[in-house]
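Here the structure comes first, spelled out in structure tokens, and everything after it is commentary.
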Amino acid sequence: MKKQGEFYLKLTSILLAALLAIFVLFSIFLRSGEDYTTLAPVYCEVGDGITVSGFVVRSEELLVSSAPYPVAALAEGQRVGGSQTVAYGCATEDAARMQRELLALQIRRDRLAFASESAKDLSAADAAIAANIIRLSAQTAAQSVPRMQAAAAALEPYVLQRSLTPNDAARVQARLSNLDAEIAALQAQCAASSTPITVSQAGYSSRHADGFEDVLTPEALQTMSLSELRSVETRRAAVPEHTIGRLIFGQKWYLVCELPAGAADRCAAGDSLLLTLAGEELTSLPVQIERLVTEEDGASLLVVSCAVQMQDVTALRAVTATLNFRTYEGLRVPKEAVRTEDGETGVYVLIGAKARWKPVEILFIYDEYCLIRQEPDGLREDDAVILTDEEIRDGSVIAE
């Protein structure tokens, strides 16, 4: 009887030890596989911004031809000198057709001459090809046919330059001579049927006209109210017949837009911001706040100015833009990793097998992340930040 009791005691002890071992293993498995996850912080730059809709404003005037069939002579955004020809006025459709053909031949001749230059910088050509291929790809993705055509046209002379060899010199010169003859013959015909249209003031050429040229002006922006901005479409004028485009003056252009209620608290007149225009290649343009007027409903009228890239905004009017009030740099961690304990903000990182507390300073909160200031003695990119819903303390043993 005594031996039987000792047997059951030993069996019970073994079963309890086995159950305890299973419980410990199961706890470790759950804790390392589900309850705890580690993630390395990522260094990044984040902009504190807002997306708005507005209008591009410039000093400009319409170019109108007295002839019934005007033909623009310059590319969009091209710099124009005083007394330079910007278009040709043609009396008939045939005259306009010949003038367009002449301009196309001159462009073709200039590209071939550029490609055949003896002193070639092939590295520069390769860089230009790569840049224009990227640009063409972006415009194709955006399904912007005019910009796709412009990117392809800019790519052509560099591809041609890269493909020509010294053995092609005689053939290229023969082709240039033929083009010169064709151009001379067309020039003689066009001289009798087309009249050059020149400008008296320097500026930038644009082939676009939209009826806002006398409505949205830099002078109007000085006194414009938010209600006037909201009703600007009703004051749009009809574009005159035989309009060639517009001539744009100066180097400064403006964006006028409406800010939603509360957004004006993040900026003030005189502040410098960064502007990105949606659908364009223009990013991080430096702009300055010229006017900021808040109305009774809390919304605000914002006017910013920019003194760069005028040649790239000559065709723009209604745009969607992102205004970055400030850019932050730091380490990105998920919000769930950041805790506040005893009035101090920090994260737990895994060092060895233990959780260690690291105080942090939050620079910016966006989406599901916090941006943390990077400091020599603070959180580092090689730290393993602990993500868990469980309660842990500094020094807690963590099994991965």
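Chain labels run A, B, ... following the order of the structure tokens; each chain numbers its residues from 1, and ligands are numbered from 1 in the order shown.
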(message) Env of Leu277 in chain A: 12 Å cut, atoms = only C-alpha atoms, seq-sep filter 6 positions within chain, self excluded. Answer as a ChimeraX atom specification.
(response) /A:50-56,255,283-286,309,312-313,316-324
Just the selected residues (N, CA and C atoms), exported as a PDB file, in the first residue's frame, please.
ATOM      1  N   ILE A  50      -0.882  70.731 -47.133  1.00  0.00           N
ATOM      2  CA  ILE A  50      -2.307  70.680 -47.441  1.00  0.00           C
ATOM      3  C   ILE A  50      -2.467  70.785 -48.950  1.00  0.00           C
ATOM      4  N   THR A  51      -3.451  70.075 -49.492  1.00  0.00           N
ATOM      5  CA  THR A  51      -3.729  70.115 -50.927  1.00  0.00           C
ATOM      6  C   THR A  51      -4.870  71.082 -51.194  1.00  0.00           C
ATOM      7  N   VAL A  52      -4.667  71.976 -52.153  1.00  0.00           N
ATOM      8  CA  VAL A  52      -5.656  73.011 -52.462  1.00  0.00           C
ATOM      9  C   VAL A  52      -5.888  73.077 -53.967  1.00  0.00           C
ATOM     10  N   SER A  53      -6.974  73.717 -54.351  1.00  0.00           N
ATOM     11  CA  SER A  53      -7.255  74.024 -55.751  1.00  0.00           C
ATOM     12  C   SER A  53      -7.214  75.536 -55.916  1.00  0.00           C
ATOM     13  N   GLY A  54      -6.580  75.994 -56.983  1.00  0.00           N
ATOM     14  CA  GLY A  54      -6.460  77.437 -57.169  1.00  0.00           C
ATOM     15  C   GLY A  54      -6.153  77.805 -58.601  1.00  0.00           C
ATOM     16  N   PHE A  55      -5.685  79.038 -58.789  1.00  0.00           N
ATOM     17  CA  PHE A  55      -5.405  79.564 -60.120  1.00  0.00           C
ATOM     18  C   PHE A  55      -3.997  80.143 -60.164  1.00  0.00           C
ATOM     19  N   VAL A  56      -3.304  79.890 -61.283  1.00  0.00           N
ATOM     20  CA  VAL A  56      -2.011  80.519 -61.539  1.00  0.00           C
ATOM     21  C   VAL A  56      -2.260  81.889 -62.159  1.00  0.00           C
ATOM     22  N   LEU A 255       0.031  82.034 -57.120  1.00  0.00           N
ATOM     23  CA  LEU A 255      -1.043  81.058 -56.955  1.00  0.00           C
ATOM     24  C   LEU A 255      -2.023  81.628 -55.948  1.00  0.00           C
ATOM     25  N   THR A 283       8.163  70.340 -58.535  1.00  0.00           N
ATOM     26  CA  THR A 283       8.068  69.924 -57.142  1.00  0.00           C
ATOM     27  C   THR A 283       8.975  70.780 -56.278  1.00  0.00           C
ATOM     28  N   SER A 284       8.547  71.009 -55.048  1.00  0.00           N
ATOM     29  CA  SER A 284       9.330  71.738 -54.049  1.00  0.00           C
ATOM     30  C   SER A 284       9.783  73.113 -54.554  1.00  0.00           C
ATOM     31  N   LEU A 285       8.848  73.839 -55.155  1.00  0.00           N
ATOM     32  CA  LEU A 285       9.144  75.197 -55.593  1.00  0.00           C
ATOM     33  C   LEU A 285       9.069  76.141 -54.400  1.00  0.00           C
ATOM     34  N   PRO A 286      10.066  77.010 -54.211  1.00  0.00           N
ATOM     35  CA  PRO A 286      10.006  77.952 -53.082  1.00  0.00           C
ATOM     36  C   PRO A 286       9.005  79.066 -53.362  1.00  0.00           C
ATOM     37  N   GLN A 309      10.961  79.189 -62.518  1.00  0.00           N
ATOM     38  CA  GLN A 309      10.233  78.272 -63.393  1.00  0.00           C
ATOM     39  C   GLN A 309       9.063  78.914 -64.137  1.00  0.00           C
ATOM     40  N   ASP A 312       7.787  77.159 -67.214  1.00  0.00           N
ATOM     41  CA  ASP A 312       7.062  75.900 -67.066  1.00  0.00           C
ATOM     42  C   ASP A 312       5.614  76.076 -66.622  1.00  0.00           C
ATOM     43  N   VAL A 313       5.192  77.300 -66.355  1.00  0.00           N
ATOM     44  CA  VAL A 313       3.814  77.513 -65.896  1.00  0.00           C
ATOM     45  C   VAL A 313       3.025  78.404 -66.850  1.00  0.00           C
ATOM     46  N   LEU A 316      -0.433  77.041 -67.633  1.00  0.00           N
ATOM     47  CA  LEU A 316      -1.285  76.623 -66.515  1.00  0.00           C
ATOM     48  C   LEU A 316      -2.234  77.727 -66.075  1.00  0.00           C
ATOM     49  N   ARG A 317      -3.415  77.312 -65.611  1.00  0.00           N
ATOM     50  CA  ARG A 317      -4.347  78.261 -64.995  1.00  0.00           C
ATOM     51  C   ARG A 317      -4.992  77.598 -63.767  1.00  0.00           C
ATOM     52  N   ALA A 318      -6.012  76.766 -63.941  1.00  0.00           N
ATOM     53  CA  ALA A 318      -6.613  76.069 -62.812  1.00  0.00           C
ATOM     54  C   ALA A 318      -5.745  74.866 -62.466  1.00  0.00           C
ATOM     55  N   VAL A 319      -5.298  74.799 -61.226  1.00  0.00           N
ATOM     56  CA  VAL A 319      -4.362  73.748 -60.815  1.00  0.00           C
ATOM     57  C   VAL A 319      -4.751  73.173 -59.454  1.00  0.00           C
ATOM     58  N   THR A 320      -4.236  72.000 -59.197  1.00  0.00           N
ATOM     59  CA  THR A 320      -4.276  71.406 -57.856  1.00  0.00           C
ATOM     60  C   THR A 320      -2.847  71.406 -57.331  1.00  0.00           C
ATOM     61  N   ALA A 321      -2.672  71.916 -56.134  1.00  0.00           N
ATOM     62  CA  ALA A 321      -1.327  72.087 -55.601  1.00  0.00           C
ATOM     63  C   ALA A 321      -1.254  71.606 -54.160  1.00  0.00           C
ATOM     64  N   THR A 322      -0.046  71.223 -53.758  1.00  0.00           N
ATOM     65  CA  THR A 322       0.219  70.877 -52.361  1.00  0.00           C
ATOM     66  C   THR A 322       1.150  71.924 -51.778  1.00  0.00           C
ATOM     67  N   LEU A 323       0.729  72.513 -50.673  1.00  0.00           N
ATOM     68  CA  LEU A 323       1.532  73.501 -49.967  1.00  0.00           C
ATOM     69  C   LEU A 323       2.115  72.847 -48.722  1.00  0.00           C
ATOM     70  N   ASN A 324       3.438  72.816 -48.636  1.00  0.00           N
ATOM     71  CA  ASN A 324       4.107  72.262 -47.462  1.00  0.00           C
ATOM     72  C   ASN A 324       4.501  73.407 -46.543  1.00  0.00           C
TER      73      ASN A 324
END
(request) Tell me, as a ChimeraX atom specification, which residues lie within 7 Å of range 43-49 of chain A, counting only C-alpha atoms; anything in the same chain fewer than 4 positions away does not count. (result) /A:322-332
DSSP on the backbone: what in range 137-357 of chain A comes out helix (DSSP H, G or I), as a short mmCIF file (atom, residue, chain, number, x, y, z; two decimals) with C-alpha atoms, in the first residue's frame?
data_model
loop_
_atom_site.label_atom_id
_atom_site.label_comp_id
_atom_site.auth_asym_id
_atom_site.auth_seq_id
_atom_site.Cartn_x
_atom_site.Cartn_y
_atom_site.Cartn_z
CA SER A 137 7.22 57.93 -69.11
CA ALA A 138 5.70 60.21 -66.47
CA GLN A 139 3.62 62.12 -69.03
CA THR A 140 2.49 58.86 -70.62
CA ALA A 141 1.34 57.60 -67.22
CA VAL A 145 -0.81 64.02 -74.87
CA PRO A 146 0.61 67.57 -75.37
CA ARG A 147 3.33 66.96 -72.78
CA MET A 148 4.05 63.51 -74.23
CA GLN A 149 4.61 65.15 -77.60
CA ALA A 150 6.87 67.79 -76.08
CA ALA A 151 8.94 65.16 -74.25
CA ALA A 152 9.29 63.05 -77.40
CA ALA A 153 10.34 66.13 -79.40
CA ALA A 154 12.97 67.01 -76.80
CA LEU A 155 14.30 63.44 -76.89
CA GLU A 156 14.69 63.26 -80.68
CA PRO A 157 17.84 65.40 -81.26
CA TYR A 158 19.82 63.61 -78.53
CA VAL A 159 18.89 60.14 -79.85
CA LEU A 160 19.84 61.28 -83.33
CA GLN A 161 23.12 62.73 -82.06
CA ARG A 162 23.94 59.49 -80.24
CA SER A 163 23.20 57.35 -83.31
CA PRO A 166 31.66 59.81 -88.61
CA ASN A 167 30.68 57.65 -91.62
CA ASP A 168 27.33 59.47 -91.73
CA ALA A 169 28.88 62.94 -92.20
CA ALA A 170 28.51 63.10 -96.00
CA ARG A 171 24.93 61.83 -95.89
CA VAL A 172 24.00 64.31 -93.16
CA GLN A 173 25.48 67.25 -95.06
CA ALA A 174 23.56 66.25 -98.16
CA ARG A 175 20.35 66.13 -96.14
CA LEU A 176 21.08 69.55 -94.63
CA SER A 177 21.61 70.99 -98.13
CA ASN A 178 18.27 69.56 -99.28
CA LEU A 179 16.50 71.02 -96.25
CA ASP A 180 18.10 74.42 -96.88
CA ALA A 181 16.79 74.36 -100.44
CA GLU A 182 13.28 73.39 -99.34
CA ILE A 183 13.29 76.08 -96.66
CA ALA A 184 14.45 78.75 -99.08
CA ALA A 185 11.71 77.85 -101.58
CA LEU A 186 8.99 77.92 -98.91
CA GLN A 187 10.29 81.18 -97.45
CA ALA A 188 9.89 82.80 -100.85
CA GLN A 189 6.29 81.62 -101.09
CA CYS A 190 5.41 82.54 -97.48
CA ALA A 191 6.91 86.02 -97.78
CA ALA A 192 4.13 86.99 -100.16
CA SER A 193 1.26 85.42 -98.17
CA PRO A 218 -1.32 90.51 -60.00
CA GLU A 219 -3.04 93.85 -59.35
CA ALA A 220 -6.41 92.17 -58.73
CA LEU A 221 -4.83 89.84 -56.18
CA LEU A 226 -12.67 85.13 -50.97
CA SER A 227 -16.13 85.66 -52.42
CA GLU A 228 -14.56 87.17 -55.55
CA LEU A 229 -12.28 84.16 -55.88
CA ARG A 230 -15.24 81.80 -55.54
CA VAL A 232 -14.17 84.19 -60.64
CA GLU A 233 -15.57 81.79 -63.27
CA THR A 234 -18.57 84.08 -63.77
CA ARG A 235 -16.25 86.92 -64.81
CA ALA A 263 -5.51 75.89 -42.05
CA ALA A 264 -4.53 79.57 -41.79
CA ASP A 265 -3.35 78.95 -38.21
CA ARG A 266 -0.38 77.05 -39.62
CA MET A 310 8.09 80.83 -65.21
CA GLN A 311 8.73 79.02 -68.49
CA ASP A 312 7.06 75.90 -67.07
CA LYS A 335 1.97 55.23 -33.26
CA GLU A 336 1.29 52.05 -31.33
CA ALA A 337 4.97 51.85 -30.33
#
(request) Apply DSSP to the backbone of this structure and, from range 154-230 of chain A, keep only the residues in strand (DSSP E or B); write these as a PyMOL selection string. (result) chain A and resi 194-198+203-206
(message) Between A:Gly343, A:Val333, A:Arg100, A:Phe364, which residue has the minimum interatomic distance to Val385 in chain A, considering only C-alpha atoms?
(response) A:Val333
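Computed from the coordinates, the CA of Gly82 in chain A to CA of Gln222 in chain A distance equals 28.7 Å.
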